[in-house]
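The file work-v1.cif contains mmCIF, C-alpha atoms:
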```cif
data_work
#
loop_
_atom_site.label_atom_id
_atom_site.label_comp_id
_atom_site.auth_asym_id
_atom_site.auth_seq_id
_atom_site.Cartn_x
_atom_site.Cartn_y
_atom_site.Cartn_z
CA MET A 19 101.71 96.57 68.96
CA GLU A 20 105.13 98.17 68.83
CA ALA A 21 107.93 97.87 66.32
CA LYS A 22 111.29 96.58 67.53
CA LYS A 23 113.10 99.79 66.60
CA ILE A 24 114.85 101.31 69.63
CA LYS A 25 113.04 104.47 70.69
CA ASN A 26 114.81 107.40 72.25
CA ILE A 27 113.37 108.43 75.62
CA PHE A 28 115.79 111.20 76.54
CA VAL A 29 115.13 114.91 76.21
CA GLN A 30 117.49 117.75 77.07
CA GLY A 31 116.36 119.66 80.14
CA ALA A 32 112.88 119.81 81.66
CA ILE A 33 109.71 118.38 80.12
CA SER A 34 107.20 121.19 79.55
CA PRO A 35 103.45 121.09 80.28
CA ALA A 36 102.90 122.07 76.62
CA PHE A 37 104.78 118.96 75.47
CA ILE A 38 102.55 116.84 77.72
CA ALA A 39 99.43 118.53 76.31
CA ASP A 40 100.61 117.80 72.75
CA SER A 41 101.15 114.14 73.65
CA ILE A 42 97.63 113.90 75.07
CA ALA A 43 96.11 115.70 72.07
CA GLY A 44 97.94 113.30 69.75
CA HIS A 45 95.92 110.42 71.18
CA GLN A 46 92.46 111.86 70.58
CA SER A 47 92.22 110.29 67.14
CA LYS A 48 92.74 106.84 68.68
CA THR A 49 89.11 106.15 69.50
CA THR A 50 89.68 102.65 70.91
CA ILE A 51 91.36 104.26 73.92
CA GLY A 52 89.19 104.53 77.04
CA GLY A 53 91.75 105.59 79.63
CA HIS A 54 95.16 107.23 79.94
CA SER A 55 97.42 107.01 82.96
CA ILE A 56 100.21 109.54 83.40
CA PHE A 57 103.01 109.79 85.91
CA LEU A 58 105.11 112.95 86.20
CA GLY A 59 108.26 113.20 88.28
CA GLN A 60 108.96 116.72 89.54
CA VAL A 61 112.16 117.97 91.15
CA ARG A 62 111.67 118.76 94.85
CA ALA A 63 113.43 121.58 96.71
CA ASP A 64 114.61 119.24 99.48
CA MET A 65 116.82 120.57 102.26
CA ILE A 66 120.12 118.71 102.58
CA ASN A 67 122.14 119.63 105.69
CA GLY A 68 120.62 123.10 105.64
CA GLN A 69 121.17 123.70 101.92
CA LYS A 70 118.28 123.75 99.48
CA VAL A 71 118.29 121.68 96.29
CA VAL A 72 118.03 124.07 93.31
CA GLY A 73 117.95 121.44 90.59
CA ILE A 74 119.06 118.01 89.47
CA GLU A 75 121.57 117.34 86.73
CA TYR A 76 120.80 114.02 85.06
CA THR A 77 123.28 111.81 83.25
CA SER A 78 122.81 108.35 81.78
CA TYR A 79 124.60 105.47 80.14
CA VAL A 80 122.33 106.18 77.18
CA GLU A 81 123.00 103.13 74.98
CA MET A 82 122.39 100.73 77.85
CA ALA A 83 119.36 102.68 79.10
CA LEU A 84 117.68 102.55 75.68
CA ASP A 85 118.30 98.79 75.38
CA LYS A 86 116.87 98.24 78.86
CA MET A 87 113.90 100.50 78.15
CA GLN A 88 113.15 98.47 75.03
CA GLU A 89 113.20 95.28 77.10
CA ILE A 90 110.87 96.85 79.67
CA ARG A 91 108.50 98.05 76.90
CA GLU A 92 108.31 94.57 75.43
CA ASP A 93 107.56 93.06 78.83
CA ILE A 94 104.84 95.65 79.49
CA PHE A 95 103.17 95.17 76.09
CA ALA A 96 103.22 91.40 76.59
CA LYS A 97 101.69 91.71 80.04
CA TYR A 98 98.99 94.37 79.55
CA GLU A 99 96.44 95.10 76.84
CA LEU A 100 97.75 98.53 75.88
CA SER A 101 97.06 100.90 73.02
CA CYS A 102 100.37 102.70 73.56
CA ALA A 103 103.05 103.63 76.05
CA HIS A 104 105.45 106.57 76.01
CA VAL A 105 108.35 107.43 78.29
CA TYR A 106 110.39 110.64 78.41
CA HIS A 107 113.25 111.28 80.80
CA SER A 108 115.31 114.45 81.13
CA LEU A 109 119.07 114.66 80.73
CA GLY A 110 121.08 117.67 81.89
CA MET A 111 119.72 120.31 84.22
CA VAL A 112 116.16 120.31 85.57
CA LEU A 113 115.31 123.03 88.10
CA THR A 114 113.14 122.47 91.17
CA GLY A 115 109.44 122.48 90.27
CA GLU A 116 110.21 121.30 86.74
CA ILE A 117 109.30 117.89 85.34
CA CYS A 118 112.03 115.29 84.75
CA LEU A 119 110.01 112.14 83.98
CA PHE A 120 106.83 111.66 81.92
CA VAL A 121 105.31 108.18 81.65
CA PHE A 122 102.12 107.91 79.59
CA THR A 123 100.10 104.74 78.97
CA SER A 124 96.79 104.34 77.13
CA ALA A 125 94.44 101.38 76.92
CA PRO A 126 90.85 100.49 76.06
CA HIS A 127 90.18 99.98 79.79
CA ARG A 128 91.57 101.88 82.75
CA ARG A 129 92.97 98.94 84.73
CA SER A 130 95.57 98.08 82.06
CA ALA A 131 96.61 101.71 81.59
CA ILE A 132 96.98 102.33 85.33
CA ASP A 133 98.80 99.09 86.15
CA ALA A 134 101.15 99.40 83.18
CA CYS A 135 102.02 103.02 84.06
CA ASN A 136 102.72 102.04 87.64
CA GLU A 137 104.95 99.13 86.62
CA LEU A 138 106.81 101.29 84.08
CA VAL A 139 107.59 103.92 86.72
CA GLU A 140 108.90 101.32 89.19
CA ARG A 141 111.05 99.59 86.57
CA ILE A 142 112.40 102.87 85.16
CA LYS A 143 113.54 103.95 88.61
CA ALA A 144 115.02 100.55 89.49
CA GLU A 145 116.55 99.44 86.19
CA LEU A 146 117.55 102.37 83.99
CA PRO A 147 121.17 103.50 84.32
CA VAL A 148 120.36 107.14 85.02
CA TRP A 149 121.88 109.28 87.75
CA GLY A 150 120.73 112.50 89.35
CA LYS A 151 123.15 114.96 90.91
CA GLU A 152 121.29 117.27 93.27
CA LEU A 153 122.80 120.74 93.03
CA LEU A 154 122.64 122.76 96.23
CA GLU A 155 122.04 126.46 96.75
CA GLY A 156 125.30 128.33 97.10
CA GLU A 157 127.51 125.47 96.04
CA GLY A 158 128.07 121.76 96.41
CA HIS A 159 126.04 118.77 95.38
CA GLN A 160 124.81 115.40 96.54
CA TRP A 161 124.05 112.31 94.48
CA LYS A 162 120.37 111.48 94.49
CA VAL A 163 119.32 108.15 96.03
CA ASN A 164 116.15 106.37 94.85
CA ASN A 165 113.96 104.46 97.24
CA MET B 22 95.22 120.47 103.72
CA GLU B 23 91.91 121.34 102.17
CA ALA B 24 89.20 123.72 103.22
CA LYS B 25 85.70 122.35 103.82
CA LYS B 26 84.20 124.52 101.10
CA ILE B 27 82.44 122.39 98.47
CA LYS B 28 84.40 122.43 95.22
CA ASN B 29 82.77 122.18 91.85
CA ILE B 30 84.14 119.35 89.72
CA PHE B 31 81.85 119.67 86.70
CA VAL B 32 82.77 121.30 83.40
CA GLN B 33 80.53 121.71 80.35
CA GLY B 34 81.66 119.48 77.49
CA ALA B 35 85.07 117.91 76.93
CA ILE B 36 88.21 118.61 78.97
CA SER B 37 90.92 120.01 76.69
CA PRO B 38 94.62 119.06 76.68
CA ALA B 39 95.38 122.79 77.15
CA PHE B 40 93.36 122.82 80.38
CA ILE B 41 95.36 119.81 81.60
CA ALA B 42 98.63 121.54 80.70
CA ASP B 43 97.57 124.64 82.64
CA SER B 44 96.76 122.50 85.68
CA ILE B 45 100.18 120.88 85.52
CA ALA B 46 101.95 124.21 85.04
CA GLY B 47 100.08 125.61 88.05
CA HIS B 48 101.85 123.08 90.28
CA GLN B 49 105.42 123.94 89.32
CA SER B 50 105.71 126.55 92.06
CA LYS B 51 104.90 123.88 94.67
CA THR B 52 108.43 122.63 95.16
CA THR B 53 107.58 120.07 97.85
CA ILE B 54 105.88 117.97 95.17
CA GLY B 55 107.93 115.04 93.85
CA GLY B 56 105.32 113.20 91.79
CA HIS B 57 102.02 113.73 90.01
CA SER B 58 99.62 111.00 88.99
CA ILE B 59 96.97 111.71 86.36
CA PHE B 60 94.09 109.63 85.07
CA LEU B 61 92.19 110.68 81.95
CA GLY B 62 88.97 109.05 80.81
CA GLN B 63 88.46 109.22 77.04
CA VAL B 64 85.25 108.39 75.14
CA ARG B 65 85.66 105.21 73.07
CA ALA B 66 84.00 104.64 69.67
CA ASP B 67 82.56 101.29 70.78
CA MET B 68 80.33 99.33 68.40
CA ILE B 69 76.91 98.58 69.86
CA ASN B 70 74.82 96.17 67.76
CA GLY B 71 76.56 97.38 64.63
CA GLN B 72 76.20 101.08 65.45
CA LYS B 73 79.19 103.19 66.42
CA VAL B 74 79.18 105.38 69.52
CA VAL B 75 79.71 109.01 68.43
CA GLY B 76 79.73 110.57 71.87
CA ILE B 77 78.48 110.40 75.43
CA GLU B 78 76.04 112.86 76.97
CA TYR B 79 76.66 113.13 80.69
CA THR B 80 74.13 114.16 83.31
CA SER B 81 74.43 114.22 87.09
CA TYR B 82 72.54 114.79 90.29
CA VAL B 83 74.97 117.64 90.83
CA GLU B 84 74.20 118.61 94.45
CA MET B 85 74.53 115.03 95.62
CA ALA B 86 77.62 114.38 93.48
CA LEU B 87 79.45 117.39 94.94
CA ASP B 88 78.59 116.34 98.51
CA LYS B 89 79.82 112.82 97.80
CA MET B 90 82.96 114.10 96.10
CA GLN B 91 83.73 116.21 99.17
CA GLU B 92 83.37 113.11 101.36
CA ILE B 93 85.70 111.16 99.04
CA ARG B 94 88.25 114.00 99.05
CA GLU B 95 88.29 114.09 102.84
CA ASP B 96 88.80 110.33 103.01
CA ILE B 97 91.64 110.50 100.50
CA PHE B 98 93.41 113.36 102.26
CA ALA B 99 93.10 111.51 105.57
CA LYS B 100 94.52 108.31 104.08
CA TYR B 101 97.39 109.59 101.90
CA GLU B 102 100.09 112.21 102.35
CA LEU B 103 99.05 114.46 99.48
CA SER B 104 100.00 117.95 98.38
CA CYS B 105 96.79 118.32 96.37
CA ALA B 106 94.08 116.52 94.46
CA HIS B 107 91.88 117.79 91.64
CA VAL B 108 88.94 116.18 89.87
CA TYR B 109 87.12 117.39 86.75
CA HIS B 110 84.19 115.58 85.15
CA SER B 111 82.32 116.58 82.00
CA LEU B 112 78.61 117.29 81.78
CA GLY B 113 76.76 117.44 78.48
CA MET B 114 78.19 116.15 75.21
CA VAL B 115 81.67 114.67 74.88
CA LEU B 116 82.59 113.28 71.46
CA THR B 117 84.58 110.09 70.92
CA GLY B 118 88.30 110.70 71.41
CA GLU B 119 87.63 113.57 73.79
CA ILE B 120 88.37 113.57 77.51
CA CYS B 121 85.50 113.34 80.02
CA LEU B 122 87.35 112.75 83.31
CA PHE B 123 90.57 114.28 84.66
CA VAL B 124 91.88 113.15 88.06
CA PHE B 125 95.12 114.76 89.22
CA THR B 126 96.97 114.03 92.47
CA SER B 127 100.31 115.37 93.67
CA ALA B 128 102.48 114.33 96.59
CA PRO B 129 106.03 114.57 97.90
CA HIS B 130 106.53 110.89 97.01
CA ARG B 131 105.12 108.95 94.08
CA ARG B 132 103.47 106.10 96.01
CA SER B 133 100.93 108.42 97.69
CA ALA B 134 100.14 110.27 94.46
CA ILE B 135 99.64 107.05 92.47
CA ASP B 136 97.59 105.20 95.09
CA ALA B 137 95.39 108.22 95.80
CA CYS B 138 94.72 108.79 92.09
CA ASN B 139 93.80 105.16 91.62
CA GLU B 140 91.44 105.17 94.60
CA LEU B 141 89.83 108.45 93.47
CA VAL B 142 89.10 107.02 90.02
CA GLU B 143 87.53 103.86 91.45
CA ARG B 144 85.39 105.77 93.93
CA ILE B 145 84.31 108.39 91.37
CA LYS B 146 83.10 105.65 89.03
CA ALA B 147 81.36 103.69 91.79
CA GLU B 148 79.92 106.42 93.98
CA LEU B 149 79.20 109.62 92.04
CA PRO B 150 75.64 109.98 90.71
CA VAL B 151 76.66 110.60 87.10
CA TRP B 152 75.16 108.96 84.02
CA GLY B 153 76.46 108.58 80.50
CA LYS B 154 74.13 108.21 77.54
CA GLU B 155 76.04 106.74 74.59
CA LEU B 156 74.76 108.34 71.40
CA LEU B 157 74.92 106.09 68.36
CA GLU B 158 75.73 106.95 64.77
CA GLY B 159 72.58 107.52 62.76
CA GLU B 160 70.24 107.60 65.70
CA GLY B 161 69.43 105.94 68.97
CA HIS B 162 71.31 105.66 72.22
CA GLN B 163 72.27 103.25 74.97
CA TRP B 164 72.91 103.98 78.61
CA LYS B 165 76.54 103.43 79.55
CA VAL B 166 77.31 100.71 82.11
CA ASN B 167 80.41 100.94 84.35
CA ASN B 168 82.39 97.89 85.34
CA MET C 6 148.29 88.55 76.91
CA THR C 7 149.98 91.06 79.21
CA ASN C 8 149.76 93.73 76.52
CA GLN C 9 146.00 93.58 76.65
CA ARG C 10 144.21 96.40 78.40
CA LEU C 11 140.64 97.02 79.35
CA HIS C 12 138.81 100.27 78.86
CA ILE C 13 136.07 101.04 81.33
CA GLN C 14 133.46 103.77 81.27
CA VAL C 15 132.67 105.29 84.64
CA PHE C 16 129.30 106.88 85.50
CA GLY C 17 127.73 109.11 88.11
CA GLN C 18 129.35 109.39 91.50
CA LEU C 19 131.94 106.76 90.55
CA SER C 20 133.51 109.22 88.12
CA GLU C 21 134.26 111.44 91.12
CA ILE C 22 135.88 108.54 93.00
CA LEU C 23 137.95 107.42 90.02
CA GLY C 24 138.60 110.99 88.92
CA SER C 25 137.48 110.31 85.34
CA THR C 26 134.57 109.14 83.19
CA GLY C 27 136.80 106.58 81.48
CA VAL C 28 139.98 104.74 82.47
CA ASP C 29 142.37 102.26 80.86
CA ILE C 30 143.39 99.49 83.20
CA PRO C 31 145.27 96.18 83.08
CA PHE C 32 143.52 93.16 81.63
CA PHE C 33 141.45 90.84 83.83
CA ALA C 34 139.84 87.62 82.72
CA ASP C 35 136.47 88.18 84.39
CA THR C 36 134.42 90.71 86.31
CA ASN C 37 135.25 89.14 89.70
CA GLU C 38 138.95 89.73 89.12
CA LEU C 39 138.22 93.21 87.84
CA ARG C 40 136.11 94.09 90.90
CA LYS C 41 138.84 92.83 93.25
CA TRP C 42 141.46 94.96 91.54
CA LEU C 43 139.24 98.06 91.52
CA LEU C 44 138.60 97.78 95.26
CA THR C 45 142.35 97.57 95.91
CA GLU C 46 143.22 100.39 93.53
CA TYR C 47 140.36 102.71 94.64
CA PRO C 48 139.65 101.93 98.33
CA ALA C 49 136.90 104.61 98.37
CA LEU C 50 134.79 102.28 96.17
CA ASP C 51 134.18 100.22 99.28
CA LYS C 52 131.69 102.85 100.48
CA LEU C 53 129.52 102.76 97.36
CA PRO C 54 127.88 99.60 95.99
CA PHE C 55 128.40 99.41 92.23
CA LEU C 56 127.47 97.19 89.31
CA ILE C 57 129.67 96.19 86.41
CA ALA C 58 128.03 96.20 82.98
CA VAL C 59 129.56 94.16 80.17
CA ASP C 60 128.34 94.85 76.65
CA LYS C 61 125.45 96.92 78.07
CA LYS C 62 124.23 94.16 80.38
CA VAL C 63 124.62 94.10 84.14
CA SER C 64 126.98 91.28 85.13
CA GLN C 65 125.03 89.16 87.59
CA THR C 66 127.65 86.55 88.44
CA SER C 67 131.22 86.64 87.14
CA THR C 68 131.31 87.46 83.42
CA PRO C 69 134.33 86.57 81.23
CA LEU C 70 136.05 89.59 79.66
CA ASN C 71 137.94 90.14 76.45
CA GLU C 72 139.83 93.15 75.18
CA ASN C 73 136.84 94.33 73.13
CA ALA C 74 134.36 94.08 75.97
CA VAL C 75 132.40 97.27 76.57
CA ILE C 76 132.75 97.63 80.31
CA ALA C 77 131.03 100.18 82.51
CA LEU C 78 130.93 100.87 86.24
CA LEU C 79 127.49 101.87 87.45
CA PRO C 80 126.67 103.37 90.85
CA PRO C 81 123.11 102.92 92.25
CA PHE C 82 120.56 104.22 89.75
CA SER C 83 118.65 107.37 90.63
CA GLY C 84 116.56 108.25 87.61
CA GLY C 85 113.08 109.75 87.72
CA MET D 26 47.93 113.20 106.23
CA THR D 27 46.35 112.02 103.00
CA ASN D 28 46.87 115.45 101.48
CA GLN D 29 50.59 114.99 101.70
CA ARG D 30 52.46 114.32 98.50
CA LEU D 31 56.05 113.42 97.72
CA HIS D 32 58.08 114.97 94.95
CA ILE D 33 60.76 112.78 93.44
CA GLN D 34 63.57 113.69 91.04
CA VAL D 35 64.29 111.06 88.41
CA PHE D 36 67.71 110.65 86.78
CA GLY D 37 69.30 108.95 83.78
CA GLN D 38 67.56 105.99 82.20
CA LEU D 39 64.85 106.09 84.89
CA SER D 40 63.55 109.35 83.44
CA GLU D 41 62.81 107.42 80.24
CA ILE D 42 60.94 104.72 82.14
CA LEU D 43 58.93 107.20 84.22
CA GLY D 44 58.55 109.58 81.28
CA SER D 45 59.77 112.58 83.30
CA THR D 46 62.69 113.96 85.30
CA GLY D 47 60.37 114.74 88.22
CA VAL D 48 57.04 113.34 89.43
CA ASP D 49 54.57 114.09 92.23
CA ILE D 50 53.28 110.96 93.87
CA PRO D 51 51.19 109.96 96.90
CA PHE D 52 52.81 110.08 100.32
CA PHE D 53 54.62 107.04 101.75
CA ALA D 54 56.08 106.80 105.22
CA ASP D 55 59.39 105.22 104.23
CA THR D 56 61.53 104.24 101.25
CA ASN D 57 60.47 100.57 101.39
CA GLU D 58 56.83 101.57 100.90
CA LEU D 59 57.84 103.99 98.18
CA ARG D 60 59.87 101.34 96.32
CA LYS D 61 56.97 98.87 96.52
CA TRP D 62 54.54 101.41 95.06
CA LEU D 63 56.96 102.43 92.28
CA LEU D 64 57.44 98.82 91.16
CA THR D 65 53.65 98.37 90.96
CA GLU D 66 53.06 101.68 89.21
CA TYR D 67 56.00 101.31 86.76
CA PRO D 68 56.51 97.58 86.13
CA ALA D 69 59.43 98.35 83.75
CA LEU D 70 61.46 99.40 86.81
CA ASP D 71 61.82 95.72 87.59
CA LYS D 72 64.43 95.41 84.83
CA LEU D 73 66.73 98.13 86.17
CA PRO D 74 68.22 98.14 89.66
CA PHE D 75 67.85 101.59 91.23
CA LEU D 76 68.76 103.41 94.41
CA ILE D 77 66.62 105.88 96.32
CA ALA D 78 68.42 108.96 97.68
CA VAL D 79 66.87 110.91 100.55
CA ASP D 80 68.29 114.36 101.27
CA LYS D 81 71.24 113.62 98.93
CA LYS D 82 72.20 110.37 100.68
CA VAL D 83 71.62 106.88 99.33
CA SER D 84 69.05 105.08 101.47
CA GLN D 85 70.74 101.87 102.60
CA THR D 86 67.91 100.30 104.58
CA SER D 87 64.41 101.77 104.83
CA THR D 88 64.55 105.51 105.46
CA PRO D 89 61.59 107.41 106.96
CA LEU D 90 60.12 110.08 104.68
CA ASN D 91 58.43 113.39 105.30
CA GLU D 92 56.80 115.83 102.92
CA ASN D 93 59.95 117.97 102.71
CA ALA D 94 62.27 115.08 101.99
CA VAL D 95 64.40 115.58 98.88
CA ILE D 96 63.90 112.26 97.14
CA ALA D 97 65.68 111.06 94.01
CA LEU D 98 65.66 107.84 91.99
CA LEU D 99 69.13 106.86 90.77
CA PRO D 100 69.86 104.21 88.16
CA PRO D 101 73.33 102.52 88.20
CA PHE D 102 76.08 105.16 88.04
CA SER D 103 78.15 105.36 84.88
CA GLY D 104 80.40 108.38 85.28
CA GLY D 105 83.97 108.60 84.02
#
```
Same coordinates, now as structure tokens:
Amino acid sequence: MEAKKIKNIFVQGAISPAFIADSIAGHQSKTTIGGHSIFLGQVRADMINGQKVVGIEYTSYVEMALDKMQEIREDIFAKYELSCAHVYHSLGMVLTGEICLFVFTSAPHRRSAIDACNELVERIKAELPVWGKELLEGEGHQWKVNN
Amino acid sequence: MEAKKIKNIFVQGAISPAFIADSIAGHQSKTTIGGHSIFLGQVRADMINGQKVVGIEYTSYVEMALDKMQEIREDIFAKYELSCAHVYHSLGMVLTGEICLFVFTSAPHRRSAIDACNELVERIKAELPVWGKELLEGEGHQWKVNN
Amino acid sequence: MTNQRLHIQVFGQLSEILGSTGVDIPFFADTNELRKWLLTEYPALDKLPFLIAVDKKVSQTSTPLNENAVIALLPPFSGG
Amino acid sequence: MTNQRLHIQVFGQLSEILGSTGVDIPFFADTNELRKWLLTEYPALDKLPFLIAVDKKVSQTSTPLNENAVIALLPPFSGG
């Protein structure tokens, strides 16, 4: 179970593969865990009117996002039998090919870990006040739209 | 798209967090990818009639497993719009807390990556001729049962 | 009452439309009144759906406001 | 024909029941006959459902056998 203390989820810039490896390694002493489910969001080099996206600059209404994330966490822990759940989202600049979102759930059995991870990703994208500004090669930008 | 060449999926012993990090890092140059989905199976220290599981020793009918895995891969690539899919399964001894299965899918959009990963995990568990022998503290063993 | 003002924080694309990440505006008694005024004052808002958050919660119907309310204008979310 | 033999590979828990990971047995024309003989020869097999693979494919109905068939006995899978 989780304490009620508000956890920070935001990290400056991209999330590195080494950070992800450390998170995984940190769970190897929890021997009641049978399965981990991980989602990673990566910045795509989309073409927008002939200009390539070179990165996304993320901003957030941080105080509200952390409150909402806490509410989502509580819902998820009430709904699924989880050992733990971790969420990291980038703020500031993330270049194409880099990772901007890391959602990591662990449970005794795979079904709970997978379903909880899936639901976390959907709710994070739909409910967290976070905005991505897609910066285009050369100059200019476009505001990212989730679907 | 994937070549027809049969890929090996088996690794001796546990799958390390560093190996997982390297796999993730290897996909950062593929800038059409928008989402990765990862499933990790970890060996639980279950209690069996009062004896704790200390590890699982995996064996396989390797030639058949690789043929079957190739069939599953082809089905998955036909069904989902994927950038790539990787599967690694341990053979030999994996201690409790260590990782024995690593399934990794990547796609332009998250839905394909997540659904494909999920389906791969289910099919791997149901269809690959792999067996786990749970070794118990002290002595003795029990053959693992999937559900 | 006419001395009262509201302060609103402005996020994402809306800060481009309003030209700032925070503005002081006249007082309105609820979020419906506020929304009406904003659409008149900044006609470009008509093109972009937006939510109003009061005290860090999205206002679902019309929410009463007071001078200490923490108000924020939120364009469609695009995290992840 | 009576000189023909079948070689079968035996995996997982079945190798404990048969006492070996590979056995040479008399020839049978199909997997139904083979299964019947195995259950008589190794009564403990009755407790454990098993599949017969022929040439690396699980035999769904009765599969004809020949001396060169690659036959394997597979207990319930428990990978992952």
Output the residue selection produced by the PyMOL selection byres ((chain B and resi 137) around 12) on the file above, formatted as number ranges by chain.
B: 56-60, 93-108, 124-128, 130-136, 138-145
How would the residues just picked look written out with C-alpha atoms as a PDB file, keeping the file's coordinate frame?
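Heads up, here's the output in part_0.pdb:
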```
ATOM      1  CA  GLY B  56     105.320 113.200  91.790  1.00  0.00           C
ATOM      2  CA  HIS B  57     102.020 113.730  90.010  1.00  0.00           C
ATOM      3  CA  SER B  58      99.620 111.000  88.990  1.00  0.00           C
ATOM      4  CA  ILE B  59      96.970 111.710  86.360  1.00  0.00           C
ATOM      5  CA  PHE B  60      94.090 109.630  85.070  1.00  0.00           C
ATOM      6  CA  ILE B  93      85.700 111.160  99.040  1.00  0.00           C
ATOM      7  CA  ARG B  94      88.250 114.000  99.050  1.00  0.00           C
ATOM      8  CA  GLU B  95      88.290 114.090 102.840  1.00  0.00           C
ATOM      9  CA  ASP B  96      88.800 110.330 103.010  1.00  0.00           C
ATOM     10  CA  ILE B  97      91.640 110.500 100.500  1.00  0.00           C
ATOM     11  CA  PHE B  98      93.410 113.360 102.260  1.00  0.00           C
ATOM     12  CA  ALA B  99      93.100 111.510 105.570  1.00  0.00           C
ATOM     13  CA  LYS B 100      94.520 108.310 104.080  1.00  0.00           C
ATOM     14  CA  TYR B 101      97.390 109.590 101.900  1.00  0.00           C
ATOM     15  CA  GLU B 102     100.090 112.210 102.350  1.00  0.00           C
ATOM     16  CA  LEU B 103      99.050 114.460  99.480  1.00  0.00           C
ATOM     17  CA  SER B 104     100.000 117.950  98.380  1.00  0.00           C
ATOM     18  CA  CYS B 105      96.790 118.320  96.370  1.00  0.00           C
ATOM     19  CA  ALA B 106      94.080 116.520  94.460  1.00  0.00           C
ATOM     20  CA  HIS B 107      91.880 117.790  91.640  1.00  0.00           C
ATOM     21  CA  VAL B 108      88.940 116.180  89.870  1.00  0.00           C
ATOM     22  CA  VAL B 124      91.880 113.150  88.060  1.00  0.00           C
ATOM     23  CA  PHE B 125      95.120 114.760  89.220  1.00  0.00           C
ATOM     24  CA  THR B 126      96.970 114.030  92.470  1.00  0.00           C
ATOM     25  CA  SER B 127     100.310 115.370  93.670  1.00  0.00           C
ATOM     26  CA  ALA B 128     102.480 114.330  96.590  1.00  0.00           C
ATOM     27  CA  HIS B 130     106.530 110.890  97.010  1.00  0.00           C
ATOM     28  CA  ARG B 131     105.120 108.950  94.080  1.00  0.00           C
ATOM     29  CA  ARG B 132     103.470 106.100  96.010  1.00  0.00           C
ATOM     30  CA  SER B 133     100.930 108.420  97.690  1.00  0.00           C
ATOM     31  CA  ALA B 134     100.140 110.270  94.460  1.00  0.00           C
ATOM     32  CA  ILE B 135      99.640 107.050  92.470  1.00  0.00           C
ATOM     33  CA  ASP B 136      97.590 105.200  95.090  1.00  0.00           C
ATOM     34  CA  CYS B 138      94.720 108.790  92.090  1.00  0.00           C
ATOM     35  CA  ASN B 139      93.800 105.160  91.620  1.00  0.00           C
ATOM     36  CA  GLU B 140      91.440 105.170  94.600  1.00  0.00           C
ATOM     37  CA  LEU B 141      89.830 108.450  93.470  1.00  0.00           C
ATOM     38  CA  VAL B 142      89.100 107.020  90.020  1.00  0.00           C
ATOM     39  CA  GLU B 143      87.530 103.860  91.450  1.00  0.00           C
ATOM     40  CA  ARG B 144      85.390 105.770  93.930  1.00  0.00           C
ATOM     41  CA  ILE B 145      84.310 108.390  91.370  1.00  0.00           C
TER      42      ILE B 145
END
```
Under the rule of at most 8 Å, produce a per-residue listing of chain B near chain A: chain, number, name, the closest pair of atoms, and the distance in Å, as a Markdown table, using all atoms listed in the file.
```
| residue | atom | partner | partner_atom | distance |
| --- | --- | --- | --- | --- |
| B:Pro38 | CA | A:Ala39 | CA | 4.9 |
| B:Ala39 | CA | A:Ala39 | CA | 5.9 |
| B:Ile41 | CA | A:Ala39 | CA | 6.8 |
| B:Ala42 | CA | A:Pro35 | CA | 4.9 |
| B:Asp43 | CA | A:Pro35 | CA | 7.3 |
| B:Ile45 | CA | A:Pro35 | CA | 6.2 |
| B:Ala46 | CA | A:Pro35 | CA | 5.9 |
| B:His48 | CA | A:Gly115 | CA | 7.6 |
| B:Gln49 | CA | A:Gly115 | CA | 4.4 |
| B:Ser50 | CA | A:Gly115 | CA | 5.8 |
| B:Lys51 | CA | A:Gly115 | CA | 6.5 |
| B:Thr52 | CA | A:Gly115 | CA | 5.0 |
| B:Thr53 | CA | A:Arg62 | CA | 5.2 |
| B:Ile54 | CA | A:Arg62 | CA | 5.9 |
| B:Gly55 | CA | A:Gln60 | CA | 4.7 |
| B:Gly56 | CA | A:Gly59 | CA | 4.6 |
| B:His57 | CA | A:Leu58 | CA | 5.0 |
| B:Ser58 | CA | A:Phe57 | CA | 4.7 |
| B:Ile59 | CA | A:Ile56 | CA | 4.9 |
| B:Phe60 | CA | A:Ser55 | CA | 4.7 |
| B:Leu61 | CA | A:His54 | CA | 5.0 |
| B:Gly62 | CA | A:Gly53 | CA | 4.6 |
| B:Gln63 | CA | A:Gly52 | CA | 4.7 |
| B:Val64 | CA | A:Gly52 | CA | 5.8 |
| B:Arg65 | CA | A:Thr49 | CA | 5.1 |
| B:Ala66 | CA | A:Thr49 | CA | 5.3 |
| B:Asp67 | CA | A:Thr50 | CA | 7.2 |
| B:Thr117 | CA | A:Thr49 | CA | 6.2 |
| B:Gly118 | CA | A:Gln46 | CA | 4.4 |
| B:Glu119 | CA | A:Gln46 | CA | 6.0 |
| B:Pro129 | CA | A:Arg62 | CA | 7.7 |
| B:Arg131 | CA | A:Gly59 | CA | 7.8 |
| B:Ile135 | CA | A:Asn136 | CA | 7.6 |
| B:Asn139 | CA | A:Ile132 | CA | 7.6 |
```
Using Å and a single decimal, report how far CA of Val115 in chain B sits from CA of Thr46 in chain D.
21.7 Å
With only C-alpha atoms as the counted atoms, please give the residues lying no more than 6 Å from range 151-160 of chain B, apart from itself and same-chain residues fewer than 5 positions off, as a list in words.
Gln72, Lys73, Val74, Val75, Gly76, Ile77, Glu78, Tyr79, Thr80, Ser81 and Lys165 of chain B; Gly37, Phe102, Ser103 and Gly104 of chain D
Residues within 9 Å of (131.2, 92.3, 81.9), file coords, only C-alpha atoms, listed as a ChimeraX atom specification
/C:35-36,57-65,67-71,74-77
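For Ala49 in chain C, the list of residues within 12 Å, based on only C-alpha atoms and with local chain neighbours fewer than 3 positions off taken out, reads Gln18, Leu19, Ser20, Glu21, Ile22, Leu23, Gly24, Leu43, Leu44, Thr45, Glu46, Lys52, Leu53, Pro54 and Phe55 of chain C.
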